[in-house]
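Undergrad: Next up is a structure, given as C-alpha cells.
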Number of protein chains: 2
Amino acid sequence: MNAPSIEPELLLDNQLCFKLYAASRAVIRGYRPLLESLGLTYPQYLAMLVLWEWHARPPEQPTVKALGERLLLDSGTLTPLLKRLEQLGFVRRRRAAHDEREVHLALTEEGIALRDKVMPLRDELICSSGLDLNEMAELRARLGELLGQLMGLPG
Amino acid sequence: MNAPSIEPELLLDNQLCFKLYAASRAVIRGYRPLLESLGLTYPQYLAMLVLWEWHARPPEQPTVKALGERLLLDSGTLTPLLKRLEQLGFVRRRRAAHDEREVHLALTEEGIALRDKVMPLRDELICSSGLDLNEMAELRARLGELLGQLMGLPG
DNA sequence: TGAAATTAAATTGCACGCAATTTAATTGGG
DNA sequence: CCCAATTAAATTGCGTGCAATTTAATTTCA
C-alpha cells in the first residue's frame, strides 16, 4: 500500500487559521503571569481596557451590549465575566432607570486605580518578548484588515 | 474634574493582542458552520489535520503527547477532545504495549474518509471570504515568526 | 536492586466562547 | 390602547484551554 498523498493546503503548518489560533494563545499565555498579579484573566483585562477608555470620556458609561460590540463578545460570555469583575470590586453593574433592559457599567475607585499598574506591566511584557515595535504595528494593521474583511462577510 | 488622559498604548484598538484574539475567533467563527457539516469542532478539526498528516507517513502513529506538541495543547485539553473523536468514530486510542504510559492514536476508516470532504469545504471558505491568497501566505509567515519568538521565550 | 525521580495521561476545577433559549422591558402597528 | 415584534440580559449547556494534582508506568542511579 503506497502512502496517501498530502495536499499541502491541508498541512497544519500551512494553515493561516492555526497560526492565528496558536499565536493568539501564545500571547495570552505571556500575559497570564503578569495579569495574575492584578487578579485578572485576559478577557477581563480586555474588558477593563474598554471601561478605562469610556471612563476617560464622561459622562456616558457603556452597557453590556456596547462592551460586547467592542470586544465582539455576547452576554453569554460577558454577564458572568462582569459579575466576576464586580466581585473583585473593580466594576459596578446597574440597571438603567430609563430602560430596565439595559445594564450600565461603571468603574469603582479600585477599578480606576488598577489602570496605573498596567503600563509598567505592559512595558515589561513587550521588553521581555524582544519583539520589534514596528513589526508589531505592521502586524496589527494587517490583522485589522483581515478582521475587517471577516466581519464584513454576508454570513 | 477634567477627563483622565489616555495613553494610546492602552487603547483597545492599538493592541496587537486583541487583534490576534479577535481575528482568531473570527476565523474559527467562519469555519464553524462548515465543520458542523462534518460533525467537528474547530480544535477537533486541527487534531484531524495532524492525524491525517501522520496517516500519510506510516507506519508510526502519534501519541497524545506528540499531537499535543504539534497543536501546543496538553492532555487536559486533548484527552476529552480525543475521547469525543473516538465516540464520533473517527479515531482509535490504544495504550502502547512497550510503554503503558503512552496512548497511541490511529484513524478509523471513517476518519480517513473524512479527509476527502475537507478540501471542497476549505475552498468554499476561502472563496466566500474573498481573501487574497498571497496576503494570506504573507500574514501566515509573519505569524509564524511571531509564534517562533513567543515560544522561544525564557518563561 | 530498589527507592527516588521522571514521564505520559487522566482528572479536577475554573473561566471562557458561543449557540440556543428564556425572561423581562420596550416599541410599533393597527 | 393592545398585542405582536423587537430588544437587552441572563441562563443553560457543551466544548475547549490550562493550571494543578493524581495515577500509573518507566527510568535512573546510589
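Every chain in the C-alpha cells has a letter given in the order shown (A, B, ...), and although residue numbers restart at 1 in each chain, ligands are simply numbered from 1 in the order shown.
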Got a sec to pull out which chain D residues are within 8 Å of chain A, counting only C-alpha atoms (C1' of nucleotides), and send them as a PDB file with C-alpha atoms (C1' of nucleotides), in the first residue's frame?
TA:
ATOM      1  C1'  DA D   8     -31.127  43.511  26.268  1.00  0.00           C
ATOM      2  C1'  DA D   9     -29.544  40.453  29.653  1.00  0.00           C
ATOM      3  C1'  DA D  10     -29.469  36.374  31.724  1.00  0.00           C
TER       4       DA D  10
END
Undergrad: Select, as a list in words, those residues of chain C with any atom no more than 9 Å from chain B (distances computed using only C-alpha atoms (C1' of nucleotides)).
TA: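 Every residue of chain C that passes the 9 Å test is in DT7, DA8, DA9, DA10, DT11 and DG17 of chain C.
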Undergrad: Determine, counting only C-alpha atoms (C1' of nucleotides), which protein, DNA and RNA residues have an atom within 10 Å of an atom of A:Leu46; residues of the same chain fewer than 2 positions away are not included. Present the result as a count of residues only.
TA: 19
Undergrad: Atom C1' of D:DT26 and atom C1' of C:DT1 are how many Å apart?
TA: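 Going from atom C1' of D:DT26 over to atom C1' of C:DT1, I get 15.2 Å.
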Undergrad: Pull out every residue of chain B sitting within 6 Å of chain A, counting only C-alpha atoms, and send them as JSON, numbers by chain.
TA: {"B": [3, 4, 16, 19, 20, 21, 23, 24, 56, 140, 143, 147]}
Undergrad: Where does DSSP see alpha helix (DSSP H) in stretch 15-122 of chain A, if you list the residues as JSON, numbers by chain?
TA: {"A": [16, 17, 18, 19, 20, 21, 22, 23, 24, 25, 26, 27, 28, 29, 30, 31, 32, 33, 34, 35, 36, 42, 43, 44, 45, 46, 47, 48, 49, 50, 51, 52, 53, 54, 55, 64, 65, 66, 67, 68, 69, 70, 71, 75, 76, 77, 78, 79, 80, 81, 82, 83, 84, 85, 86, 87, 109, 110, 111, 112, 113, 114, 118, 119, 120, 121, 122]}
Undergrad: Name the closest residue to D:DG17 among the candidates B:Leu133, B:Cys127, B:Leu81, B:Leu38; distances are taken between atoms, counting only C-alpha atoms (C1' of nucleotides).
TA: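 Of all the options, B:Leu81 lies closest to D:DG17.
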Undergrad: Using only C-alpha atoms, pick whichever of B:Ala106, B:Val91, B:Leu82, B:Leu34 has the shortest atom-to-atom distance to B:Pro62.
TA: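 Checking each of B:Ala106, B:Val91, B:Leu82, B:Leu34 against B:Pro62, counting only C-alpha atoms, the winner is B:Ala106.
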Undergrad: Mind giving me the straight-line distance from atom CA of A:Trp54 to atom CA of A:Asp116 in Å, one decimal?
TA: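 Spanning atom CA of A:Trp54 to atom CA of A:Asp116 is a straight-line distance of 15.8 Å.
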Undergrad: Could you write out, as number ranges by chain, all the residues of stretch 28-94 of chain A that DSSP marks as strand (DSSP E)?
TA: A: 91-94
Undergrad: With only C-alpha atoms (C1' of nucleotides) as the counted atoms, please give the residues lying no more than 10 Å from D:DT6, apart from itself and same-chain residues fewer than 6 positions off, as a compact mmCIF listing (two decimals) with C-alpha atoms (C1' of nucleotides), in the first residue's frame.
TA:
# COMPACT_ATOMS: atom_id res chain seq x y z
C1' DT C 26 -39.81 48.47 25.33
C1' DT C 27 -41.53 49.67 20.83
C1' DG C 28 -44.58 49.82 16.92
